[in-house]
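These notes are about the structure you will find just below.
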Amino acid sequence: MAEERTGKRRLAPEDIYEIALVSDAQISPDGQRVAFVRTVLDRERNDYRSSIWLVDVAGGEPVRFTTADARDSFPRWSPRGDRLAFLSNRSGKDQVWLISLGGGEAQQLTRFPEPVTHFAWSPDGTTLAVVTKAETAEPPEKEPEPETDVVRITRIRYRSDGTPGFLDEKRSHIWCVPVDGGRPWQVTSGDFDESWPAWSPSGHEIAFVSNRTPDREYNTVSEIWAVRASGGEPRPVATGDAAYFFKPVWSPDGTVLAFTGHREPFAGSSRNHQLWAVAAGGGEPASLTSALDRSVEDEVLTDTAASSKPGPIWAPDGRWIYTQVSDQGNVHLYRIPAGGGEPQLVVGGRRRVVDFSLSADGSLIACTVSEPLNPCDVIVCSADGSGERRLTRVNEEFFATVELSEPEEVWLPSASEDRRPIHAWIMKPIGFREGVRYPLVLEIHGGPHAMYGNVYFHEFQLLAAQGYAVLYTNPRGSQGYGQQFLSCTRGAWGEADMPDLMGAVDAVIERGYIDPSRLGVTGGSYGGFMTNWVIGHTDRFKAAVTQRCVSNLASFYGTSDIGFHFGEHEIGGTPWEQPELYRRLSPLTYAPQMKTPLLILHSEQDYRCPIEQAEQLYVWLKKLGRTVEFVRFPDESHGLSRSGKPKHRVERLQHILRWFAEYL
Ligand SMILES: CC(=O)N[C@@H](C)C(=O)N[C@@H](C)C(=O)O
């Protein structure tokens with residue numbers, strides 16, 4: 001037994017309570033220290049707690065810097081490096097708090113009646129640009145009692161998965177808040193949602209993201225605008241119906257704005273995000289990464305991570321722009337020449353660079369990274385990636401006590417005609433012995449335009465700990481392998497990618513240690529769609545678990561928060577224009593062929609893949625007399641496996657293990 005050989009125990013679902021997550025590594029302007037967020041799951045409160053920690057770049061033990069029993073996040077150094085601003089829910093809703101590095105308690109800076117979702121320091125350190133839906137800077141004396149709980153809906157986008165769920169009529173705007181006293185002032189206004197404020201180096205202007213097109217109710221445009229910090233009419237920077245732009249950042253001399261995105265708003269996640277540059281006065285943006293054929297966003301999926309979703313950072317000498325790049329299961333840090341030219345790999349390796357920051361002189365970088373056997377740690381290196389050092393060992397003690405399975409990275413032939421090699425990972429079960437044949441679980445990722453990769457995945461490790469081999473792949477449609485590969489599933493959900501998955505399963509069986517009569521399959525979201533699709537097209541799987549799934553594309557169109565644009569683009573038309581295509585590509589159509597015992601896991605407040613998708617599948621299969629069970633998670637959204645209530649996350653994992661133990 002593994003335990004006898006190694007003295008380590010097997011991983012358990014509840015071990016999610018043992019794993020701390022570090023994220024948002026922010027190096028101080030002088031490069032001496034790194035502030036980061038440490039998040040833990042609180043078993044008693046069935047909730048999350050996070051605090052800001054500091055670690056010296058020279059080394060030494062990290063120290064906890066904020067001590068409230070709350071969720072502190074998004075630490076940002078003042079330009080002089082003498083204090084940190086951060087978000088905290090200590091007073092109820094997320095507001096900005098300030099803490100001096102010289103000591104003393106954190107002080108609440110903002111008291112907006114709505115949460116603050118983002119902020120940025122002005123270059124002179126006197127003001128914060130803040131994003132909130134609030135219409136006043138102070139809370140009302142008394143919260144008004146709602147007149148009714150009845151919801152009146154007039155917009156096509158009336159809900160959004162996760163927080164807040166149902167959208168109200170309020171709009172996100174930019175406010176400026178003086179840091180050392182003085183009245184906040186509202187910078188933008190109107191029937192628009194603004195985000196991602198970025199100060200010009202002079203401090204006179206703020207660039208931001210907005211959709212100010214006349215047809216914004218129906219389109220998915222995302223533009224770059226700029227406004228005087230004192231307020232007034234915003235001016236267009238990179239706008240129009242073909243803009244799908246995010247995360248603006250000014251060049252140090254203030255003449256250019258860089259940002260991420262692409263030129264086909266309706267295509268959303270099915271296009272690589274590129275890095276763009278445009279004259280700060282506005283004009284035609286030029287892509288700096290068109291030759292890279294990769295996304296400059298973090299596209300990797302896992303169930304064990306926290307991320308601040310960083311944007312590009314301009315080096316202070318103006319020569320380089322640092323950005324993440326998703327490449328074949330890894331997320332690397334690159335620097336892109338601002339004037340055009342070859343991108344340079346800075347932080348590479350079999351891992352995910354989760355977030356990153358630069359010291360004020362640009363000589364040092366701090367990152368949080370995730371690896372297959374280590375969910376997260378903070379590292380520092382020089383501007384070119386040399387001299388890398390790990391500053392934290394957050395979960396080292398815990399992982400010294402449990403046995404993990406090291407994923408083997410392989411390329412396996414698709415079963416499609418082209419036999420195209422598909423990138424995959426195989427995990428042997430814990431306690432693996434030569435000559436024994438093991439059950440195999442195929443894990444299928446969602447998106448479809450996301451990717452599995454070189455990161456720690458608790459669910460996979462748990463299956464390996466229970467004696468299953470685990471196979472996960474990046475079939476056609478996945479991110480990280482170029483635009484052509486990414487586009488393969490358009491109008492061909494299930495049809496284009498199932499042969500890749502089956503080819504990979506065949507290739508693993510050929511290795512001789514898999515029992516082909518004991519194959520399991522599971523996945524979430526689009527991975528749930530594929531789980532349904534697979535068991536509707538083959539009986540080779542003995543047990544299946546479909547999670548937050550899609551089963552009926554026609555009803556998904558009208559019930560998912562993204563159905564009317566994402567669904568329409570992915571399938572290629574509306575259900576009333578293409579009824580036959582919608583029927584052909586919906587797993588429900590193949591319900592009569594589904595014989596595999598199926599467990600359906602779904603969150604009741606999932607607005608991405610609404611629970612009606614699970615309900616339809618359940619009733620059809622039940623009526624057909626199949627072995628099927630339906631587990632509903634109340635008060636949870638689509639993100640259950642990653643950010644749900646800790647107790648529900650544990651229960652979800654237990655249900656998966658129970659089903660495979662019974663039927664596989
Ligand atoms: C774009 C999008 O949200 N697609 C969903 C259907 C999906 O598959 N999401 C994945 C990433 C998930 O795991 O939730």
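Just remember, in the structure tokens the first chain shown is A, the second B, etc., residues are 1-based per chain, and ligands are 1-based in the order shown.
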
I'd like a table as a Markdown table: residues in chain A with an atom no more than 9 Å from ligand 1, each row giving the shortest atom pair and its distance in Å to one decimal, only C-alpha atoms and all ligand atoms counted, sorted by chain and rising residue number.
```
| residue | atom | partner | partner_atom_place_in_ligand_line | distance |
| --- | --- | --- | --- | --- |
| A:Gly268 | CA | ligand 1 | 1 (C) | 8.0 |
| A:Ser269 | CA | ligand 1 | 1 (C) | 6.4 |
| A:Ser270 | CA | ligand 1 | 1 (C) | 8.7 |
| A:Glu299 | CA | ligand 1 | 11 (C) | 8.9 |
| A:Val300 | CA | ligand 1 | 11 (C) | 9.0 |
| A:Leu301 | CA | ligand 1 | 11 (C) | 7.1 |
| A:Thr302 | CA | ligand 1 | 13 (O) | 8.6 |
| A:His445 | CA | ligand 1 | 13 (O) | 6.4 |
| A:Gly446 | CA | ligand 1 | 8 (O) | 3.6 |
| A:Gly447 | CA | ligand 1 | 8 (O) | 3.3 |
| A:Pro448 | CA | ligand 1 | 8 (O) | 5.4 |
| A:His449 | CA | ligand 1 | 1 (C) | 7.2 |
| A:Ala450 | CA | ligand 1 | 11 (C) | 6.1 |
| A:Met451 | CA | ligand 1 | 11 (C) | 8.6 |
| A:Gly523 | CA | ligand 1 | 13 (O) | 8.0 |
| A:Gly524 | CA | ligand 1 | 13 (O) | 5.2 |
| A:Ser525 | CA | ligand 1 | 8 (O) | 4.1 |
| A:Tyr526 | CA | ligand 1 | 8 (O) | 3.7 |
| A:Gly527 | CA | ligand 1 | 8 (O) | 6.3 |
| A:Gly528 | CA | ligand 1 | 8 (O) | 8.0 |
| A:Phe529 | CA | ligand 1 | 8 (O) | 8.2 |
| A:Arg548 | CA | ligand 1 | 14 (O) | 7.4 |
| A:Cys549 | CA | ligand 1 | 6 (C) | 7.8 |
| A:Val550 | CA | ligand 1 | 6 (C) | 7.2 |
| A:Ser560 | CA | ligand 1 | 6 (C) | 8.9 |
| A:Ile562 | CA | ligand 1 | 3 (O) | 7.4 |
| A:Phe566 | CA | ligand 1 | 1 (C) | 6.9 |
| A:Gly567 | CA | ligand 1 | 6 (C) | 8.7 |
| A:Arg608 | CA | ligand 1 | 3 (O) | 6.4 |
| A:Cys609 | CA | ligand 1 | 6 (C) | 6.5 |
| A:His638 | CA | ligand 1 | 14 (O) | 6.3 |
| A:Gly639 | CA | ligand 1 | 14 (O) | 6.6 |
| A:Ser641 | CA | ligand 1 | 13 (O) | 8.7 |
```

Write out as a short mmCIF file (atom, residue, chain, number, x, y, z; two decimals) with N, CA, C and O atoms, in the first residue's frame each polymer residue whose atoms come within 12 Å of Ser28 of chain A, counting only C-alpha atoms; drop sequence neighbours fewer than 6 positions from it.
```cif
data_model
loop_
_atom_site.label_atom_id
_atom_site.label_comp_id
_atom_site.auth_asym_id
_atom_site.auth_seq_id
_atom_site.Cartn_x
_atom_site.Cartn_y
_atom_site.Cartn_z
N VAL A 34 6.98 41.90 -0.94
CA VAL A 34 5.83 41.52 -1.76
C VAL A 34 4.62 41.40 -0.83
O VAL A 34 4.67 40.72 0.19
N ALA A 35 3.54 42.09 -1.21
CA ALA A 35 2.26 41.91 -0.52
C ALA A 35 1.46 40.89 -1.32
O ALA A 35 1.51 40.88 -2.55
N PHE A 36 0.76 40.01 -0.64
CA PHE A 36 -0.06 39.03 -1.36
C PHE A 36 -1.28 38.69 -0.52
O PHE A 36 -1.35 39.03 0.68
N LEU A 54 2.81 39.92 4.01
CA LEU A 54 4.01 40.54 3.43
C LEU A 54 5.17 39.56 3.53
O LEU A 54 5.28 38.83 4.52
N VAL A 55 5.99 39.56 2.50
CA VAL A 55 7.22 38.75 2.58
C VAL A 55 8.36 39.58 2.00
O VAL A 55 8.17 40.32 1.02
N ASP A 56 9.53 39.48 2.63
CA ASP A 56 10.70 40.21 2.14
C ASP A 56 11.25 39.54 0.89
O ASP A 56 11.38 38.32 0.86
N VAL A 57 11.62 40.34 -0.07
CA VAL A 57 12.20 39.78 -1.30
C VAL A 57 13.53 39.09 -0.98
O VAL A 57 13.90 38.10 -1.62
N PRO A 75 -4.54 44.01 -2.67
CA PRO A 75 -3.61 44.99 -2.09
C PRO A 75 -2.88 45.76 -3.19
O PRO A 75 -2.40 45.17 -4.15
N ARG A 76 -2.84 47.07 -3.05
CA ARG A 76 -2.13 47.89 -4.04
C ARG A 76 -1.28 48.93 -3.32
O ARG A 76 -1.77 49.70 -2.49
N TRP A 77 0.03 48.97 -3.63
CA TRP A 77 0.97 49.88 -2.98
C TRP A 77 0.71 51.31 -3.43
O TRP A 77 0.47 51.55 -4.62
N SER A 78 0.84 52.25 -2.52
CA SER A 78 0.83 53.66 -2.92
C SER A 78 2.11 53.89 -3.72
O SER A 78 3.11 53.18 -3.52
N PRO A 79 2.13 54.89 -4.61
CA PRO A 79 3.34 55.10 -5.43
C PRO A 79 4.61 55.27 -4.60
O PRO A 79 5.68 54.85 -5.02
N ARG A 80 4.49 55.87 -3.41
CA ARG A 80 5.70 56.01 -2.56
C ARG A 80 6.01 54.76 -1.76
O ARG A 80 7.06 54.66 -1.11
N GLY A 81 5.10 53.82 -1.77
CA GLY A 81 5.34 52.55 -1.08
C GLY A 81 5.18 52.63 0.42
O GLY A 81 5.60 51.73 1.15
N ASP A 82 4.58 53.73 0.93
CA ASP A 82 4.46 53.87 2.38
C ASP A 82 3.14 53.34 2.93
O ASP A 82 2.93 53.27 4.12
N ARG A 83 2.19 53.00 2.03
CA ARG A 83 0.95 52.38 2.50
C ARG A 83 0.34 51.49 1.43
O ARG A 83 0.70 51.58 0.26
N LEU A 84 -0.58 50.67 1.91
CA LEU A 84 -1.30 49.78 1.01
C LEU A 84 -2.78 50.14 1.05
O LEU A 84 -3.33 50.36 2.13
N LEU A 101 2.48 51.27 6.21
CA LEU A 101 3.53 50.27 6.41
C LEU A 101 4.30 50.56 7.70
O LEU A 101 4.98 49.68 8.23
N SER A 357 3.49 41.28 -10.91
CA SER A 357 3.64 42.75 -10.77
C SER A 357 5.12 43.09 -10.95
O SER A 357 5.99 42.21 -10.86
N LEU A 358 5.40 44.38 -11.17
CA LEU A 358 6.77 44.85 -11.42
C LEU A 358 7.15 45.90 -10.39
O LEU A 358 6.30 46.71 -10.00
N SER A 359 8.42 45.90 -10.00
CA SER A 359 8.88 46.99 -9.12
C SER A 359 8.92 48.29 -9.93
O SER A 359 8.91 48.26 -11.17
N ALA A 360 8.98 49.43 -9.23
CA ALA A 360 8.87 50.73 -9.92
C ALA A 360 9.98 50.93 -10.96
O ALA A 360 9.75 51.53 -12.00
N ASP A 361 11.19 50.41 -10.69
CA ASP A 361 12.27 50.59 -11.67
C ASP A 361 12.28 49.49 -12.73
O ASP A 361 13.12 49.46 -13.61
N GLY A 362 11.35 48.55 -12.60
CA GLY A 362 11.21 47.50 -13.61
C GLY A 362 12.24 46.40 -13.51
O GLY A 362 12.31 45.51 -14.36
N SER A 363 13.04 46.39 -12.45
CA SER A 363 14.11 45.39 -12.39
C SER A 363 13.65 44.06 -11.80
O SER A 363 14.29 43.04 -12.02
N LEU A 364 12.56 44.06 -11.05
CA LEU A 364 12.11 42.83 -10.38
C LEU A 364 10.64 42.53 -10.68
O LEU A 364 9.82 43.46 -10.79
N ILE A 365 10.35 41.23 -10.75
CA ILE A 365 8.97 40.79 -10.98
C ILE A 365 8.58 39.87 -9.83
O ILE A 365 9.38 39.01 -9.42
N ALA A 366 7.35 40.03 -9.32
CA ALA A 366 6.80 39.04 -8.37
C ALA A 366 5.61 38.37 -9.05
O ALA A 366 4.85 39.03 -9.75
N VAL A 380 9.90 35.43 -7.02
CA VAL A 380 10.41 36.69 -7.60
C VAL A 380 11.51 36.34 -8.59
O VAL A 380 12.19 35.29 -8.46
#
```

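Within 9 Å of Gly203 of chain A, once only C-alpha atoms are used and residues closer than 6 positions along the same chain are dropped, the contacting residues are Ser122, Pro123, Asp124, Arg228 and Ala229 of chain A.
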
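Put simply, atom CA of Glu612 of chain A is 15.2 Å away from atom CA of Asp635 of chain A.
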
Within 8 Å of Trp175 of chain A using only C-alpha atoms, minus same-chain residues under 5 positions, as a ChimeraX atom specification = /A:129-132,184-188

Fewer than 5 positions away in the same chain doesn't count, so skip those; otherwise give me all residues within 9 Å of segment 133-143 of chain A, counting only C-alpha atoms, as JSON, numbers by chain.
-> {"A": [110, 111, 112, 113, 114, 115, 116, 117, 170, 171, 172, 173, 174, 175, 183, 184, 185, 186, 193]}

Contact table segment 263-304 of chain A vs segment 321-326 of chain A, cut-off 6 Å, shortest pair per residue, only C-alpha atoms, as a tab-separated table:
```
residue	atom	partner	partner_atom	distance
A:Ser295	CA	A:Ser326	CA	5.6
A:Val296	CA	A:Val325	CA	4.3
A:Glu297	CA	A:Gln324	CA	5.8
A:Asp298	CA	A:Ser326	CA	5.7
```

Please dump the current selection as a short mmCIF file (atom, residue, chain, number, x, y, z; two decimals), in the first residue's frame; keep C-alpha atoms.
```
data_model
loop_
_atom_site.label_atom_id
_atom_site.label_comp_id
_atom_site.auth_asym_id
_atom_site.auth_seq_id
_atom_site.Cartn_x
_atom_site.Cartn_y
_atom_site.Cartn_z
CA SER A 295 -4.30 34.23 -26.04
CA VAL A 296 -2.75 36.85 -23.76
CA GLU A 297 -5.23 35.88 -21.05
CA ASP A 298 -5.06 33.10 -18.45
#
```

Can you list, as a VMD selection string, all residues belonging to segment 248-478 of chain A that DSSP tags as strand (DSSP E or B)?
-> chain A and resid 248 to 250 256 to 262 274 to 279 286 to 287 295 300 313 to 314 320 to 327 330 to 337 344 to 347 352 to 358 364 to 371 374 to 382 389 to 390 402 to 403 408 to 413 421 to 427 438 to 444 451 469 to 474

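The shortest atom-to-atom distance to Leu462 of chain A, with only C-alpha atoms taken into account, belongs to A:Ser405 out of A:Ser405, A:Thr260, A:Ser23, A:Gln484.
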
Any idea what's packed within 9 Å of segment 276-285 of chain A, counting only C-alpha atoms, ignoring anything in its chain fewer than 5 positions away? Could you give it as a PyMOL selection string?
-> chain A and resi 225-226+235-239+245+250-251+254-262+338

Saved selection, atoms kept: N, CA, C and O atoms, as a short mmCIF file (atom, residue, chain, number, x, y, z; two decimals), in the first residue's frame:
```cif
data_model
loop_
_atom_site.label_atom_id
_atom_site.label_comp_id
_atom_site.auth_asym_id
_atom_site.auth_seq_id
_atom_site.Cartn_x
_atom_site.Cartn_y
_atom_site.Cartn_z
N TRP A 225 -12.12 54.02 -23.51
CA TRP A 225 -12.41 55.44 -23.47
C TRP A 225 -11.44 56.12 -22.50
O TRP A 225 -10.77 55.44 -21.71
N ALA A 226 -11.40 57.43 -22.56
CA ALA A 226 -10.61 58.19 -21.56
C ALA A 226 -11.41 59.42 -21.15
O ALA A 226 -12.20 59.95 -21.94
N ARG A 235 -13.72 60.78 -23.96
CA ARG A 235 -13.35 60.77 -25.38
C ARG A 235 -13.02 59.35 -25.81
O ARG A 235 -12.47 58.56 -25.02
N PRO A 236 -13.34 58.99 -27.08
CA PRO A 236 -13.06 57.62 -27.54
C PRO A 236 -11.56 57.40 -27.76
O PRO A 236 -10.87 58.29 -28.23
N VAL A 237 -11.09 56.21 -27.39
CA VAL A 237 -9.69 55.85 -27.66
C VAL A 237 -9.65 54.71 -28.67
O VAL A 237 -9.01 54.80 -29.71
N ALA A 238 -10.30 53.61 -28.36
CA ALA A 238 -10.38 52.47 -29.29
C ALA A 238 -11.81 51.95 -29.15
O ALA A 238 -12.12 51.22 -28.21
N THR A 239 -12.66 52.37 -30.06
CA THR A 239 -14.09 52.16 -29.89
C THR A 239 -14.72 51.63 -31.18
O THR A 239 -14.02 51.43 -32.17
N PHE A 245 -12.30 45.03 -26.33
CA PHE A 245 -11.03 45.43 -25.72
C PHE A 245 -11.18 45.58 -24.19
O PHE A 245 -12.21 46.04 -23.70
N TRP A 250 -1.32 52.61 -19.74
CA TRP A 250 -0.64 53.71 -20.45
C TRP A 250 0.85 53.42 -20.56
O TRP A 250 1.46 52.87 -19.63
N SER A 251 1.44 53.87 -21.67
CA SER A 251 2.90 53.83 -21.76
C SER A 251 3.45 54.84 -20.75
O SER A 251 2.77 55.82 -20.41
N GLY A 254 3.05 58.33 -21.65
CA GLY A 254 1.67 58.78 -21.83
C GLY A 254 1.21 58.91 -23.27
O GLY A 254 0.13 59.43 -23.53
N THR A 255 2.02 58.45 -24.23
CA THR A 255 1.64 58.66 -25.64
C THR A 255 0.84 57.51 -26.24
O THR A 255 0.23 57.66 -27.29
N VAL A 256 0.89 56.33 -25.59
CA VAL A 256 0.27 55.13 -26.17
C VAL A 256 -0.54 54.42 -25.08
O VAL A 256 -0.16 54.44 -23.91
N LEU A 257 -1.64 53.81 -25.50
CA LEU A 257 -2.37 52.93 -24.59
C LEU A 257 -2.31 51.51 -25.13
O LEU A 257 -2.55 51.28 -26.33
N ALA A 258 -1.98 50.55 -24.27
CA ALA A 258 -2.01 49.14 -24.66
C ALA A 258 -3.21 48.51 -23.96
O ALA A 258 -3.66 48.98 -22.91
N PHE A 259 -3.75 47.46 -24.54
CA PHE A 259 -4.88 46.75 -23.93
C PHE A 259 -4.99 45.38 -24.56
O PHE A 259 -4.29 45.07 -25.55
N THR A 260 -5.85 44.53 -24.00
CA THR A 260 -6.02 43.16 -24.53
C THR A 260 -7.34 43.07 -25.28
O THR A 260 -8.20 43.95 -25.16
N GLY A 261 -7.52 41.98 -26.01
CA GLY A 261 -8.82 41.75 -26.65
C GLY A 261 -8.70 41.32 -28.09
O GLY A 261 -7.64 40.91 -28.56
N HIS A 262 -9.83 41.41 -28.80
CA HIS A 262 -9.82 41.11 -30.23
C HIS A 262 -10.87 41.93 -30.95
O HIS A 262 -11.50 42.81 -30.35
N ALA A 338 7.24 46.87 -27.18
CA ALA A 338 6.17 47.85 -27.38
C ALA A 338 6.16 48.38 -28.81
O ALA A 338 5.12 48.76 -29.33
#
```

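Summary of the local environment: counting only C-alpha atoms, residues at most 10 Å from Ala20 of chain A, other than itself and those fewer than 2 positions away along its chain, are Ile16, Tyr17, Glu18, Val22, Arg38, Thr39, Val40, Leu41, Ser50, Thr304, Ala305, Ala306, Pro375, Cys376, Asp377, Val394, Asn395 and Phe398 of chain A.
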
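Counting only C-alpha atoms and comparing A:Gln461, A:Gln613, A:Gln605, A:Ser51, the residue that lies closest to Pro587 of chain A is A:Gln613.
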
Please, which residues of segment 361-509 of chain A, numbered as in this document, come out alpha helix (DSSP H) from DSSP, as a list in words?
-> Glu396, Glu397, Phe398, Phe399, His458, Glu459, Phe460, Gln461, Leu462, Leu463, Ala464, Ala465, Gln483, Gln484, Phe485, Leu486, Met498, Pro499, Asp500, Leu501, Met502, Gly503, Ala504, Val505, Asp506, Ala507, Val508 and Ile509 of chain A

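Of note, atom CA of Arg10 of chain A and atom CA of Thr522 of chain A are spaced 21.6 Å apart.
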
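Taking atom CA of Gln466 of chain A as the reference point, atom CA of Arg352 of chain A is found at 26.3 Å.
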
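Closest approach to Gly644 of chain A from the set A:Thr213, A:Thr163, A:Thr559, A:Ser222 is made by A:Thr163, with distances taken over only C-alpha atoms.
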
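Distance annotation: of A:Thr6, A:Ser230, A:Asn46, A:Gln108, the residue with the minimal separation from Pro646 of chain A is A:Asn46; atom set is only C-alpha atoms.
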